[in-house]
Every structure is written in structure tokens, then in C-alpha cells.
$ cat entry28.txt   # compact mmCIF, C-alpha atoms and all ligand atoms
# COMPACT_ATOMS: atom_id res chain seq x y z
CA MET A 1 84.32 98.77 134.95
CA ILE A 2 86.58 97.37 132.21
CA LYS A 3 86.01 99.51 129.15
CA PHE A 4 85.96 97.98 125.69
CA LEU A 5 88.39 100.61 124.44
CA ASP A 6 89.88 103.42 126.52
CA ILE A 7 90.63 105.94 123.75
CA LYS A 8 91.31 108.72 126.21
CA SER A 9 94.18 106.75 127.77
CA ILE A 10 95.48 105.77 124.34
CA ASN A 11 95.83 109.45 123.39
CA ALA A 12 96.92 110.72 126.82
CA ARG A 13 100.31 109.12 126.14
CA PHE A 14 100.97 111.73 123.45
CA GLU A 15 99.62 114.79 125.24
CA SER A 16 102.79 116.86 125.49
CA ASP A 17 103.77 116.26 121.83
CA PHE A 18 100.23 117.07 120.71
CA LYS A 19 100.33 120.40 122.55
CA ILE A 20 103.71 121.42 121.13
CA GLU A 21 102.58 120.61 117.60
CA PHE A 22 99.23 122.31 118.07
CA ASP A 23 100.96 125.58 118.96
CA ARG A 24 103.09 125.26 115.86
CA PHE A 25 99.96 124.63 113.78
CA LEU A 26 98.17 127.65 115.25
CA ASN A 27 101.10 129.90 114.40
CA SER A 28 101.58 128.48 110.91
CA GLY A 29 98.42 130.01 109.44
CA GLN A 30 98.15 126.98 107.08
CA TYR A 31 94.84 125.32 107.91
CA ILE A 32 94.09 123.27 104.77
CA LEU A 33 96.56 120.80 103.16
CA GLY A 34 100.13 122.13 102.86
CA ASP A 35 103.36 120.85 104.38
CA THR A 36 101.93 119.14 107.48
CA VAL A 37 99.58 116.96 105.43
CA ALA A 38 102.27 116.24 102.81
CA ASP A 39 104.71 115.37 105.57
CA PHE A 40 102.33 112.84 107.12
CA GLU A 41 101.52 111.43 103.66
CA ASN A 42 105.23 110.83 103.04
CA CYS A 43 105.70 109.19 106.44
CA PHE A 44 102.66 106.96 105.95
CA ALA A 45 103.69 105.95 102.41
CA GLN A 46 107.15 105.08 103.67
CA TYR A 47 105.70 103.14 106.59
CA CYS A 48 103.45 101.10 104.27
CA GLY A 49 106.27 100.58 101.79
CA VAL A 50 104.44 102.28 98.91
CA LYS A 51 105.27 105.17 96.60
CA TYR A 52 102.18 107.30 97.23
CA SER A 53 99.82 108.11 100.07
CA ILE A 54 96.91 110.51 99.62
CA GLY A 55 95.30 111.92 102.77
CA VAL A 56 91.50 112.13 102.62
CA GLY A 57 88.57 112.95 104.88
CA ASN A 58 87.77 109.44 106.15
CA GLY A 59 87.93 105.75 105.32
CA LEU A 60 84.68 105.63 103.40
CA ASP A 61 85.84 108.46 101.14
CA ALA A 62 89.19 106.72 100.63
CA LEU A 63 87.38 103.74 99.08
CA ILE A 64 84.90 105.84 97.08
CA LEU A 65 87.70 107.99 95.66
CA ILE A 66 89.71 104.93 94.59
CA PHE A 67 86.70 103.63 92.63
CA LYS A 68 85.99 107.10 91.19
CA ALA A 69 89.63 107.61 90.18
CA TYR A 70 89.62 104.30 88.28
CA GLN A 71 86.50 105.53 86.47
CA GLU A 72 88.26 108.81 85.56
CA LEU A 73 91.07 106.68 84.15
CA GLY A 74 88.64 104.46 82.21
CA ARG A 75 89.62 101.35 84.15
CA LEU A 76 86.14 100.99 85.70
CA ASN A 77 82.71 101.97 84.42
CA PRO A 78 79.41 102.53 86.21
CA GLY A 79 77.60 99.22 86.64
CA ASP A 80 80.76 97.12 86.88
CA GLU A 81 80.65 94.42 89.53
CA VAL A 82 82.97 94.41 92.54
CA LEU A 83 83.43 91.28 94.65
CA VAL A 84 83.41 91.98 98.37
CA PRO A 85 83.29 89.79 101.49
CA ALA A 86 79.66 89.63 102.68
CA ASN A 87 80.58 89.93 106.38
CA THR A 88 82.43 93.25 106.19
CA PHE A 89 81.69 96.56 107.89
CA ILE A 90 78.98 98.39 105.96
CA ALA A 91 81.41 101.06 104.64
CA SER A 92 82.99 98.62 102.16
CA ILE A 93 79.59 97.99 100.56
CA PHE A 94 78.43 101.61 100.67
CA ALA A 95 81.65 102.74 98.97
CA ILE A 96 80.99 100.43 96.01
CA ILE A 97 77.40 101.62 95.66
CA HIS A 98 78.23 105.32 96.10
CA ALA A 99 80.75 104.92 93.28
CA ASP A 100 77.96 103.63 90.95
CA LEU A 101 79.34 100.09 91.03
CA VAL A 102 77.57 96.86 91.98
CA PRO A 103 78.61 94.87 95.06
CA VAL A 104 78.68 91.09 94.72
CA PHE A 105 78.63 89.47 98.14
CA VAL A 106 81.13 86.64 98.59
CA GLU A 107 81.08 84.30 101.59
CA PRO A 108 84.09 84.40 103.93
CA ASN A 109 86.19 81.61 105.33
CA PRO A 110 84.59 81.05 108.79
CA GLU A 111 88.00 80.40 110.38
CA THR A 112 89.70 83.65 109.28
CA PHE A 113 86.56 85.78 108.69
CA ASN A 114 88.21 86.94 105.44
CA ILE A 115 86.98 86.52 101.86
CA ASP A 116 87.35 82.89 100.79
CA PRO A 117 89.54 82.80 97.64
CA ASN A 118 87.80 79.57 96.61
CA GLU A 119 84.45 81.39 96.49
CA ILE A 120 85.77 84.10 94.19
CA GLU A 121 85.74 82.12 90.96
CA ALA A 122 82.05 81.21 91.19
CA ALA A 123 81.13 84.85 91.78
CA ILE A 124 82.89 86.18 88.68
CA THR A 125 80.77 87.24 85.69
CA TRP A 126 81.65 89.16 82.52
CA LYS A 127 80.83 92.33 84.45
CA THR A 128 83.28 91.67 87.32
CA LYS A 129 86.10 94.20 87.23
CA ALA A 130 87.47 94.37 90.78
CA VAL A 131 87.77 92.71 94.17
CA LEU A 132 87.53 94.78 97.34
CA VAL A 133 89.44 92.71 99.88
CA VAL A 134 88.91 93.52 103.57
CA HIS A 135 91.54 92.58 106.16
CA LEU A 136 88.83 92.09 108.73
CA TYR A 137 89.60 92.54 112.44
CA GLY A 138 93.23 93.26 111.47
CA GLN A 139 94.16 89.94 109.85
CA LEU A 140 95.50 89.97 106.30
CA ALA A 141 93.36 88.17 103.76
CA ASP A 142 94.97 85.43 101.65
CA MET A 143 96.40 87.93 99.17
CA ALA A 144 98.61 85.46 97.29
CA ALA A 145 95.59 83.38 96.29
CA ILE A 146 93.39 86.42 95.65
CA ASN A 147 95.99 88.23 93.53
CA ALA A 148 96.64 85.07 91.51
CA LYS A 149 92.92 84.64 90.75
CA ALA A 150 92.51 88.36 89.99
CA LYS A 151 95.41 88.28 87.57
CA THR A 152 93.92 85.49 85.44
CA GLN A 153 90.66 87.52 85.14
CA ASN A 154 92.32 90.95 84.85
CA LEU A 155 90.53 92.25 87.98
CA LEU A 156 91.67 95.23 90.03
CA VAL A 157 92.51 94.32 93.63
CA ILE A 158 91.64 97.00 96.17
CA GLU A 159 92.33 96.60 99.86
CA ASP A 160 90.03 97.90 102.55
CA ALA A 161 92.85 98.24 105.08
CA ALA A 162 90.83 100.29 107.59
CA GLN A 163 91.43 97.69 110.32
CA ALA A 164 94.93 96.56 109.39
CA HIS A 165 97.47 99.41 109.71
CA GLY A 166 100.87 97.76 110.04
CA ALA A 167 99.82 94.17 109.33
CA VAL A 168 102.71 92.54 107.49
CA ASN A 169 102.86 89.32 105.45
CA ALA A 170 105.52 86.60 105.41
CA ASN A 171 107.46 88.49 102.71
CA GLY A 172 107.58 91.67 104.77
CA LEU A 173 104.94 93.48 102.69
CA LYS A 174 102.43 95.56 104.60
CA ALA A 175 98.70 96.17 104.28
CA GLY A 176 98.37 98.94 101.73
CA ASP A 177 101.02 97.39 99.50
CA LEU A 178 99.25 94.12 98.66
CA GLY A 179 96.96 95.15 95.81
CA ASP A 180 96.51 97.94 93.25
CA ALA A 181 95.35 100.51 95.81
CA ALA A 182 94.23 100.54 99.44
CA GLY A 183 91.91 102.61 101.60
CA PHE A 184 92.70 103.33 105.26
CA SER A 185 90.59 104.92 107.98
CA PHE A 186 91.99 106.90 110.91
CA TYR A 187 88.72 106.85 112.84
CA PRO A 188 89.73 107.28 116.52
CA GLY A 189 89.25 103.62 117.44
CA LYS A 190 91.42 102.18 114.63
CA ASN A 191 94.94 100.88 115.28
CA LEU A 192 96.23 104.21 113.96
CA GLY A 193 93.50 106.60 115.06
CA ALA A 194 93.17 110.36 114.73
CA LEU A 195 91.35 112.58 117.23
CA GLY A 196 88.55 112.98 114.72
CA ASP A 197 87.92 111.75 111.20
CA GLY A 198 90.68 110.97 108.72
CA GLY A 199 91.66 108.55 106.00
CA ALA A 200 94.31 107.77 103.40
CA ILE A 201 94.80 105.93 100.15
CA THR A 202 98.03 104.10 99.34
CA THR A 203 99.21 102.95 95.91
CA ASN A 204 102.30 102.44 93.78
CA ASP A 205 100.45 103.65 90.67
CA ALA A 206 101.64 107.17 89.73
CA GLU A 207 98.77 107.80 87.34
CA LEU A 208 96.16 106.81 89.91
CA ALA A 209 97.84 108.87 92.64
CA LYS A 210 97.83 111.95 90.41
CA VAL A 211 94.08 111.70 89.83
CA LEU A 212 93.47 111.07 93.55
CA TYR A 213 95.43 114.14 94.72
CA GLN A 214 93.10 116.12 92.45
CA LEU A 215 89.81 114.31 93.17
CA ARG A 216 90.04 114.89 96.93
CA ASN A 217 90.34 118.64 96.28
CA TYR A 218 87.61 119.54 93.74
CA GLY A 219 89.48 117.89 90.89
CA THR A 220 91.87 120.80 91.02
CA THR A 221 95.12 120.74 89.05
CA SER A 222 96.15 124.27 89.99
CA LYS A 223 94.13 126.87 91.87
CA TYR A 224 90.67 127.27 90.28
CA VAL A 225 91.51 124.89 87.43
CA ASN A 226 89.29 121.79 87.64
CA GLU A 227 90.15 118.81 85.52
CA HIS A 228 87.86 116.26 87.20
CA LEU A 229 84.42 116.34 88.84
CA GLY A 230 86.02 116.28 92.25
CA TYR A 231 85.09 116.21 95.92
CA ASN A 232 86.03 117.99 99.08
CA SER A 233 87.66 115.20 101.07
CA ARG A 234 90.99 116.43 102.40
CA LEU A 235 92.82 115.06 105.41
CA ASP A 236 92.56 117.74 108.08
CA VAL A 237 95.87 119.42 108.99
CA ILE A 238 95.38 118.94 112.75
CA GLN A 239 94.64 115.26 112.25
CA ALA A 240 97.70 114.84 110.00
CA MET A 241 99.77 116.39 112.77
CA PHE A 242 98.37 114.05 115.46
CA LEU A 243 98.73 111.06 113.14
CA LYS A 244 102.39 111.75 112.41
CA ILE A 245 103.11 111.70 116.15
CA LYS A 246 101.11 108.50 116.70
CA LEU A 247 102.54 106.68 113.66
CA LYS A 248 105.88 106.37 115.49
CA SER A 249 104.17 104.18 118.10
CA LEU A 250 102.09 102.05 115.74
CA ASP A 251 104.42 99.04 115.66
CA ALA A 252 104.83 99.06 119.44
CA ASP A 253 101.06 99.43 119.88
CA ASN A 254 100.38 96.54 117.49
CA ALA A 255 102.90 94.43 119.43
CA LYS A 256 100.97 95.17 122.63
CA ARG A 257 97.70 94.16 120.96
CA LEU A 258 99.36 90.91 119.83
CA ALA A 259 100.58 90.27 123.39
CA VAL A 260 97.00 90.63 124.70
CA ALA A 261 95.79 88.23 121.99
CA MET A 262 98.50 85.70 122.88
CA TYR A 263 97.51 85.91 126.54
CA TYR A 264 93.86 85.26 125.66
CA GLU A 265 94.91 82.41 123.36
CA LYS A 266 97.02 80.79 126.05
CA HIS A 267 94.72 81.24 129.03
CA ILE A 268 91.12 81.13 127.83
CA ASN A 269 90.03 77.52 127.98
CA ASN A 270 86.29 77.33 127.93
CA PRO A 271 84.96 74.78 125.42
CA LYS A 272 81.91 76.96 124.77
CA ILE A 273 84.10 79.66 123.29
CA LYS A 274 85.95 79.47 119.99
CA LEU A 275 89.06 81.64 119.81
CA PRO A 276 90.20 83.35 116.61
CA MET A 277 92.65 81.56 114.32
CA PHE A 278 95.89 83.31 113.51
CA ASN A 279 99.07 81.96 112.07
CA GLU A 280 101.97 84.09 111.00
CA LYS A 281 103.27 86.63 113.42
CA GLY A 282 102.59 90.14 112.19
CA SER A 283 99.90 89.20 109.70
CA HIS A 284 97.27 89.96 112.35
CA VAL A 285 97.34 93.31 114.15
CA PHE A 286 94.26 92.54 116.28
CA HIS A 287 92.16 95.56 115.63
CA GLN A 288 89.56 93.33 117.24
CA TYR A 289 89.85 90.10 119.22
CA VAL A 290 86.75 88.25 118.06
CA VAL A 291 85.52 85.00 119.61
CA THR A 292 82.50 82.96 118.59
CA ILE A 293 79.96 81.42 120.90
CA GLU A 294 76.56 79.82 120.34
CA ASN A 295 74.53 81.65 122.97
CA ARG A 296 76.10 85.06 122.44
CA ASP A 297 73.48 87.13 124.22
CA GLY A 298 73.80 85.12 127.44
CA PHE A 299 77.59 85.44 127.35
CA LYS A 300 77.41 89.16 126.68
CA SER A 301 75.04 89.84 129.56
CA TYR A 302 77.21 87.69 131.86
CA LEU A 303 80.23 89.88 131.04
CA ASP A 304 78.11 93.06 131.27
CA HIS A 305 76.93 91.95 134.69
CA HIS A 306 80.59 91.60 135.75
CA ASP A 307 81.44 95.06 134.40
CA VAL A 308 83.31 93.92 131.30
CA GLU A 309 82.26 95.86 128.23
CA THR A 310 82.13 93.97 124.93
CA LEU A 311 80.99 94.88 121.41
CA ILE A 312 79.63 92.97 118.44
CA HIS A 313 81.32 93.42 115.07
CA TYR A 314 78.75 93.38 113.57
CA PRO A 315 75.23 92.55 114.77
CA ILE A 316 73.52 92.75 111.35
CA ALA A 317 74.97 91.42 108.09
CA PRO A 318 75.16 94.13 105.38
CA HIS A 319 72.82 92.24 103.02
CA GLN A 320 70.19 92.20 105.81
CA GLN A 321 70.34 95.94 106.51
CA LYS A 322 67.37 98.09 105.63
CA ALA A 323 69.66 100.47 103.72
CA LEU A 324 70.44 97.60 101.34
CA ASP A 325 66.89 96.31 100.93
CA SER A 326 67.44 95.25 97.33
CA TYR A 327 69.90 92.64 98.69
CA ASN A 328 67.73 91.44 101.59
CA PHE A 329 66.62 88.41 99.54
CA LEU A 330 70.15 86.95 99.51
CA SER A 331 70.92 83.87 101.55
CA LEU A 332 74.51 83.79 102.83
CA PRO A 333 74.59 81.14 105.57
CA ILE A 334 78.27 81.47 106.57
CA THR A 335 77.99 85.25 106.86
CA GLU A 336 74.71 85.04 108.75
CA THR A 337 76.13 82.51 111.23
CA ILE A 338 79.13 84.78 111.84
CA HIS A 339 76.96 87.81 112.50
CA ASN A 340 74.90 85.77 114.97
CA SER A 341 77.78 84.35 116.95
CA VAL A 342 80.71 86.80 117.09
CA ILE A 343 81.60 88.94 120.10
CA SER A 344 84.68 91.14 120.54
CA LEU A 345 86.65 91.19 123.80
CA PRO A 346 88.51 94.27 125.04
CA ILE A 347 91.91 94.68 123.37
CA SER A 348 94.15 97.74 123.14
CA PRO A 349 97.71 98.91 123.68
CA VAL A 350 96.74 100.32 127.09
CA LEU A 351 94.63 97.49 128.50
CA PRO A 352 96.10 96.84 131.98
CA GLN A 353 97.40 93.32 132.65
CA GLN A 354 95.12 93.08 135.66
CA HIS A 355 92.09 93.68 133.45
CA ILE A 356 93.25 91.05 130.97
CA GLU A 357 93.54 88.53 133.80
CA THR A 358 90.10 89.42 135.19
CA ILE A 359 88.55 88.97 131.74
CA VAL A 360 90.18 85.54 131.35
CA GLU A 361 89.07 84.39 134.81
CA LEU A 362 85.49 85.48 134.15
CA ILE A 363 85.38 83.76 130.77
CA ASN A 364 86.80 80.52 132.12
CA ALA A 365 84.19 80.56 134.91
CA TYR A 366 81.31 81.04 132.45
C1 LIG A 401 86.28 101.93 109.84
C2 LIG A 401 86.11 101.23 108.58
C3 LIG A 401 85.83 101.89 107.37
C4 LIG A 401 85.43 103.32 107.25
O1 LIG A 401 86.13 104.24 107.94
P1 LIG A 401 85.54 105.69 108.31
O2 LIG A 401 86.79 106.48 108.54
O3 LIG A 401 84.70 105.53 109.52
O4 LIG A 401 84.78 106.20 107.15
C5 LIG A 401 85.82 101.14 106.21
N1 LIG A 401 86.01 99.83 106.23
C6 LIG A 401 86.24 99.14 107.35
C7 LIG A 401 86.47 97.67 107.29
C8 LIG A 401 86.29 99.81 108.58
O5 LIG A 401 86.50 99.12 109.70
$ encode --input "entry28.txt" --output "C-alpha cells" --more "lines below"
Ligand SMILES: *Cc1c(COP(=O)(O)O)cnc(C)c1O
Amino acid sequence: MIKFLDIKSINARFESDFKIEFDRFLNSGQYILGDTVADFENCFAQYCGVKYSIGVGNGLDALILIFKAYQELGRLNPGDEVLVPANTFIASIFAIIHADLVPVFVEPNPETFNIDPNEIEAAITWKTKAVLVVHLYGQLADMAAINAKAKTQNLLVIEDAAQAHGAVNANGLKAGDLGDAAGFSFYPGKNLGALGDGGAITTNDAELAKVLYQLRNYGTTSKYVNEHLGYNSRLDVIQAMFLKIKLKSLDADNAKRLAVAMYYEKHINNPKIKLPMFNEKGSHVFHQYVVTIENRDGFKSYLDHHDVETLIHYPIAPHQQKALDSYNFLSLPITETIHNSVISLPISPVLPQQHIETIVELINAY
């Protein structure tokens, strides 16, 4: 059986370091925030090339807290519209709604799966105040075009970087440093994954960072002094500790993912299957390797039958989910076609070469 993602093997590589650090944690007596969390926040900020990183409970909270912090600062107000790619993971949309804002679904570019900058203009109204850009599957969106458009309309640009840890653009800037603020998830399956839930926000904005450090911890400025209507969404100390260890291997792990993708690109040659487009080296960290095919279900059961596990990211478009029934009336043909035809192949830093070759052989024989 070729697993879609062997998380146990991914983490087994760090076992001895994890155990040493866990003992230190146990003896420290500091179980909420403190030096270990601050230490990881500094490392992650430095890695992303930003001034501030704020550790939070998960990726969804990271996005909600960014929107809430901008409301505390008077930069956003309830009811403001936020442009978002229609084909994203549901969390991007939920974050907007949970923060009392209104999502406006924008069609993606079918080649890159990322928000189409040319579709942005038509979606802007007098209520539009922000764009939530998603670097879907690990590939950076066209930030130069998006930032230029946002600037002319005075829109905030927020990155959903949950799938793009370490993705770097042609100028050497990383995901997390390409807009006004960014939300990351450390869900175990992400390129930088914890052994439980975790998330972070990155920004260069000192004022925003200050509000965020408070919002994640009951809006606290000093013990039992609450300046904002805050939340309890703190990055767990144990997860911060694991993440600091794993961060050192992120670039090497992303390079391994890229090598798998290059192998697929070079060796899969089945006209029924469309491979993902990627250009600049480093601007795609292959959180997922997503191909498109017309008869997806047949292809998936063929691979299942040959013991190759695949997943679909994502089977139902957000605007067609029951949870978002007030948006079910929307017609978004590009998004709907994507959701009906994408399928993700196994990719990871620990996928054995033999498995990669088996997958290619099976696909070419389909
Ligand atoms: C994983 C993910 C999130 C949410 O992360 P959680 O930590 O699971 O809350 C948000 N956006 C995208 C694009 C994701 O892939």
C-alpha cells in the first residue's frame, strides 16, 4: 500500500530531538506561552523574513484574528467585503464570515489554481476592503499583480499561507512577507506540521502585531488587564517546541517535495492527465501535487485498486457547501470544473523513490 502521506515517518526522523526537548519542557514548569513559544516565534519570523510572528491555536484562528485585529484598529468594519479565491479550502471562507465580514468569491486561473488578478477588478465594490490571497497547493499567487491592484483601491492584502511555508518568489521574498499580514497553519499534514494543532500570523506591522499578541490571549495587556475583547488561541508550548526542531528541516523537505514533483513532471506522459503548471523554482513548495483528469472517479478507483492512495482537494466547492447555503445560488464555472476534475497524488519528503516510480508506471499504463 502506498500511503497518500506517511506522517508517522515524517516525524520519526526527529524522534530523539523531540524526546530531549520534551524532558526539558516537563521540567520547565512553563506550560502556557513563555520562552519556548517566543523562541519559536522569533525563529519563524526570521525564517519568513518578517519582523513579527504571533503563535496561535490553529490556521483558522490565525486568519480570524488578523481580521479581528484590523477591526480593533479601525481598518476594517463588520460588513466589509473581502475578495477570496472561490476554489480555496473552506477555512479561508469561514474565517471571513466568523470575523463578521462578507466573502466575495473570485474565480481562479485554471492553470495555477490561484486567484486570477484580472478577475479582481470586476469584483470590487465600494464595500471591498481586503483581499485574502491563498497560495493554493503551495504555489505563490501572482502577488505583484495583486498588490498593484490592491494599492490603487487601498485594499488590505492578507495571505492565507497555510499551504506555502517556505515558498519564495523571484526576489527572494517568502510567503508570509508578501502582503500586510499572513496566516499559517501547522496542522500535522502541512509542509511545516506540528504533532497537533498550531498556527501563526506573520506581519511587519508593529501596531497590528501588538494587538494580535493581546487578542490571542484574552486581549490581555498585563495579567488580568484586558484591553480588547480577546480569545483564547495560543500556540501550545509542546507544539512550539516540536515546530522549532522541524523548522530547521523545512527547506530540505521542500526541496524533496520539489524533486518528487520534477520526477512526476518528467516521467508522467499520459495524455488523459494534465500536470500542474509551475514556473519559478522555489515559488511552489508542493504541499499538494494536483493533476486534472476528466473521468476522475475512474482514475481514482484504478489507483485505489493498485494500492495507491490519493485524495481530492477539494471534492465540493465552498459556495456549494451546505454550511454556506446563502451562497449556493452562485455560478462559478471555473471553480466548479476544478472541483470536479482535480486529484492529488502522493507527495512528501519521505516518499520512497520506488513508490514514486510505481505511481508513474501505473499512471502511464492507465
Ligand atoms: C489547513 C488550511 C487552513 C486552516 O488550518 P487549520 O490549522 O486546520 O485551522 C486554512 N487555509 C488553508 C488554505 C489550509 O490549507
$ residues_around --input "entry28.txt" --residues "Ile312 in chain A" --least-positions-apart "2" --cutoff "8 Å" --atoms "all atoms listed in the file" --output "list in words"
Thr310, Tyr314, Pro315, Val342, Ile343 and Ser344 of chain A
$ residues_near_point --input "entry28.txt" --point "(89.0, 106.6, 126.9)" --cutoff "12 Å" --atoms "only C-alpha atoms" --output "PyMOL selection string"
chain A and resi 2-13+188-189+195+348+350-351
$ closest_residue --input "entry28.txt" --among "A:Thr125, A:Gln353, A:Thr337, A:Asn87" --to "Glu294 in chain A" --atoms "only C-alpha atoms"
A:Thr337
$ residues_around --input "entry28.txt" --residues "Glu227 in chain A" --least-positions-apart "5" --cutoff "12 Å" --atoms "all atoms listed in the file" --output "list in words"
Glu72, Lys210, Val211, Leu212, Tyr213, Gln214, Leu215, Asn217, Tyr218, Gly219, Thr220, Thr221 and Ser222 of chain A
$ residues_around --input "entry28.txt" --residues "range 354-363 of chain A" --least-positions-apart "6" --cutoff "10 Å" --atoms "only C-alpha atoms" --output "list in words"
Met1, Ile2, Lys3, Val260, Ala261, Tyr263, Tyr264, Glu265, Lys266, His267, Ile268, Asn269, Asn270, Lys272, Ile273, Phe299, Tyr302, Leu303, His306, Asp307, Val308, Glu309, Leu345, Pro346 and Ile347 of chain A
$ residues_near_ligand --input "entry28.txt" --ligand "ligand LIG 401 (chain A)" --cutoff "9 Å" --atoms "all atoms listed in the file" --output "count of residues only"
35
$ closest_residue --input "entry28.txt" --among "A:Ala200, A:Val225, A:Leu132, A:Ala99" --to "Leu155 in chain A" --atoms "all atoms listed in the file"
A:Leu132
$ closest_residue --input "entry28.txt" --among "A:Phe105, A:Tyr224, A:Trp126, A:Phe242" --to "Thr36 in chain A" --atoms "all atoms listed in the file"
A:Phe242
$ closest_residue --input "entry28.txt" --among "A:Pro103, A:Ala123, A:Asn27, A:Leu178" --to "Ser326 in chain A" --atoms "all atoms listed in the file"
A:Pro103
$ atom_distance --input "entry28.txt" --atom1 "CA of Tyr231 in chain A" --atom2 "CA of Lys322 in chain A"
27.1 Å
$ closest_residue --input "entry28.txt" --among "A:Gln320, A:Ala141, A:Gly179, A:Val291" --to "Pro108 in chain A" --atoms "all atoms listed in the file"
A:Ala141
$ residues_around --input "entry28.txt" --residues "range 274-278 of chain A" --least-positions-apart "2" --cutoff "7 Å" --atoms "only C-alpha atoms" --output "VMD selection string"
chain A and resid 111 to 112 265 272 280 284 290 to 293
$ closest_residue --input "entry28.txt" --among "A:Glu336, A:Asp251, A:Asp236, A:Glu119" --to "Val56 in chain A" --atoms "all atoms listed in the file"
A:Asp236
$ residues_around --input "entry28.txt" --residues "Val237 in chain A" --least-positions-apart "3" --cutoff "12 Å" --atoms "all atoms listed in the file" --output "VMD selection string"
chain A and resid 21 to 22 24 to 26 28 to 41 55 to 57 194 to 198 234 240 to 244
$ write_last_selection --input "entry28.txt" --atoms "C-alpha atoms" --output "PDB file, in the frame of the given file"
ATOM      1  CA  GLU A  21     102.580 120.610 117.600  1.00  0.00           C
ATOM      2  CA  PHE A  22      99.230 122.310 118.070  1.00  0.00           C
ATOM      3  CA  ARG A  24     103.090 125.260 115.860  1.00  0.00           C
ATOM      4  CA  PHE A  25      99.960 124.630 113.780  1.00  0.00           C
ATOM      5  CA  LEU A  26      98.170 127.650 115.250  1.00  0.00           C
ATOM      6  CA  SER A  28     101.580 128.480 110.910  1.00  0.00           C
ATOM      7  CA  GLY A  29      98.420 130.010 109.440  1.00  0.00           C
ATOM      8  CA  GLN A  30      98.150 126.980 107.080  1.00  0.00           C
ATOM      9  CA  TYR A  31      94.840 125.320 107.910  1.00  0.00           C
ATOM     10  CA  ILE A  32      94.090 123.270 104.770  1.00  0.00           C
ATOM     11  CA  LEU A  33      96.560 120.800 103.160  1.00  0.00           C
ATOM     12  CA  GLY A  34     100.130 122.130 102.860  1.00  0.00           C
ATOM     13  CA  ASP A  35     103.360 120.850 104.380  1.00  0.00           C
ATOM     14  CA  THR A  36     101.930 119.140 107.480  1.00  0.00           C
ATOM     15  CA  VAL A  37      99.580 116.960 105.430  1.00  0.00           C
ATOM     16  CA  ALA A  38     102.270 116.240 102.810  1.00  0.00           C
ATOM     17  CA  ASP A  39     104.710 115.370 105.570  1.00  0.00           C
ATOM     18  CA  PHE A  40     102.330 112.840 107.120  1.00  0.00           C
ATOM     19  CA  GLU A  41     101.520 111.430 103.660  1.00  0.00           C
ATOM     20  CA  GLY A  55      95.300 111.920 102.770  1.00  0.00           C
ATOM     21  CA  VAL A  56      91.500 112.130 102.620  1.00  0.00           C
ATOM     22  CA  GLY A  57      88.570 112.950 104.880  1.00  0.00           C
ATOM     23  CA  ALA A 194      93.170 110.360 114.730  1.00  0.00           C
ATOM     24  CA  LEU A 195      91.350 112.580 117.230  1.00  0.00           C
ATOM     25  CA  GLY A 196      88.550 112.980 114.720  1.00  0.00           C
ATOM     26  CA  ASP A 197      87.920 111.750 111.200  1.00  0.00           C
ATOM     27  CA  GLY A 198      90.680 110.970 108.720  1.00  0.00           C
ATOM     28  CA  ARG A 234      90.990 116.430 102.400  1.00  0.00           C
ATOM     29  CA  ALA A 240      97.700 114.840 110.000  1.00  0.00           C
ATOM     30  CA  MET A 241      99.770 116.390 112.770  1.00  0.00           C
ATOM     31  CA  PHE A 242      98.370 114.050 115.460  1.00  0.00           C
ATOM     32  CA  LEU A 243      98.730 111.060 113.140  1.00  0.00           C
ATOM     33  CA  LYS A 244     102.390 111.750 112.410  1.00  0.00           C
TER      34      LYS A 244
END
$ residues_near_point --input "entry28.txt" --point "(81.5, 94.4, 96.7)" --cutoff "9 Å" --atoms "all atoms listed in the file" --output "MDAnalysis selection string"
chainID A and resid 81:86 92:97 101:106 130:133
$ atom_distance --input "entry28.txt" --atom1 "CA of Glu107 in chain A" --atom2 "CA of Ile120 in chain A"
8.8 Å
$ atom_distance --input "entry28.txt" --atom1 "CA of Lys223 in chain A" --atom2 "CA of Asp180 in chain A"
29.1 Å
$ closest_atom_pairs --input "entry28.txt" --of "range 105-151 of chain A" --to "range 166-173 of chain A" --cutoff "10 Å" --atoms "only C-alpha atoms" --output "JSON lines"
{"residue": "A:His135", "atom": "CA", "partner": "A:Ala167", "partner_atom": "CA", "distance": 9.0}
{"residue": "A:Gly138", "atom": "CA", "partner": "A:Ala167", "partner_atom": "CA", "distance": 7.0}
{"residue": "A:Gln139", "atom": "CA", "partner": "A:Ala167", "partner_atom": "CA", "distance": 7.1}
{"residue": "A:Leu140", "atom": "CA", "partner": "A:Ala167", "partner_atom": "CA", "distance": 6.7}
{"residue": "A:Ala141", "atom": "CA", "partner": "A:Asn169", "partner_atom": "CA", "distance": 9.7}
{"residue": "A:Asp142", "atom": "CA", "partner": "A:Asn169", "partner_atom": "CA", "distance": 9.6}
{"residue": "A:Met143", "atom": "CA", "partner": "A:Asn169", "partner_atom": "CA", "distance": 9.1}
{"residue": "A:Ala144", "atom": "CA", "partner": "A:Asn169", "partner_atom": "CA", "distance": 10.0}
$ build_atoms --input "entry28.txt" --residues "range 184-192 of chain A" --atoms "N, CA, C and O atoms" --output "short mmCIF file (atom, residue, chain, number, x, y, z; two decimals), keeping the file's coordinate frame"
data_model
loop_
_atom_site.label_atom_id
_atom_site.label_comp_id
_atom_site.auth_asym_id
_atom_site.auth_seq_id
_atom_site.Cartn_x
_atom_site.Cartn_y
_atom_site.Cartn_z
N PHE A 184 92.53 103.40 103.81
CA PHE A 184 92.70 103.33 105.26
C PHE A 184 91.75 104.32 105.93
O PHE A 184 91.44 105.37 105.36
N SER A 185 91.35 104.00 107.14
CA SER A 185 90.59 104.92 107.98
C SER A 185 91.43 105.25 109.21
O SER A 185 92.11 104.37 109.74
N PHE A 186 91.36 106.50 109.65
CA PHE A 186 91.99 106.90 110.91
C PHE A 186 90.94 107.29 111.94
O PHE A 186 91.19 108.12 112.81
N TYR A 187 89.76 106.71 111.82
CA TYR A 187 88.72 106.85 112.84
C TYR A 187 89.38 106.60 114.21
O TYR A 187 90.26 105.74 114.31
N PRO A 188 88.99 107.35 115.25
CA PRO A 188 89.73 107.28 116.52
C PRO A 188 89.99 105.87 117.07
O PRO A 188 91.04 105.63 117.67
N GLY A 189 89.08 104.95 116.87
CA GLY A 189 89.25 103.62 117.44
C GLY A 189 90.13 102.67 116.63
O GLY A 189 90.40 101.55 117.06
N LYS A 190 90.59 103.09 115.46
CA LYS A 190 91.42 102.18 114.63
C LYS A 190 92.82 102.05 115.22
O LYS A 190 93.22 102.84 116.07
N ASN A 191 93.59 101.11 114.72
CA ASN A 191 94.94 100.88 115.28
C ASN A 191 95.80 102.14 115.16
O ASN A 191 96.59 102.43 116.05
N LEU A 192 95.66 102.86 114.05
CA LEU A 192 96.23 104.21 113.96
C LEU A 192 95.04 105.15 113.88
O LEU A 192 94.40 105.26 112.83
#
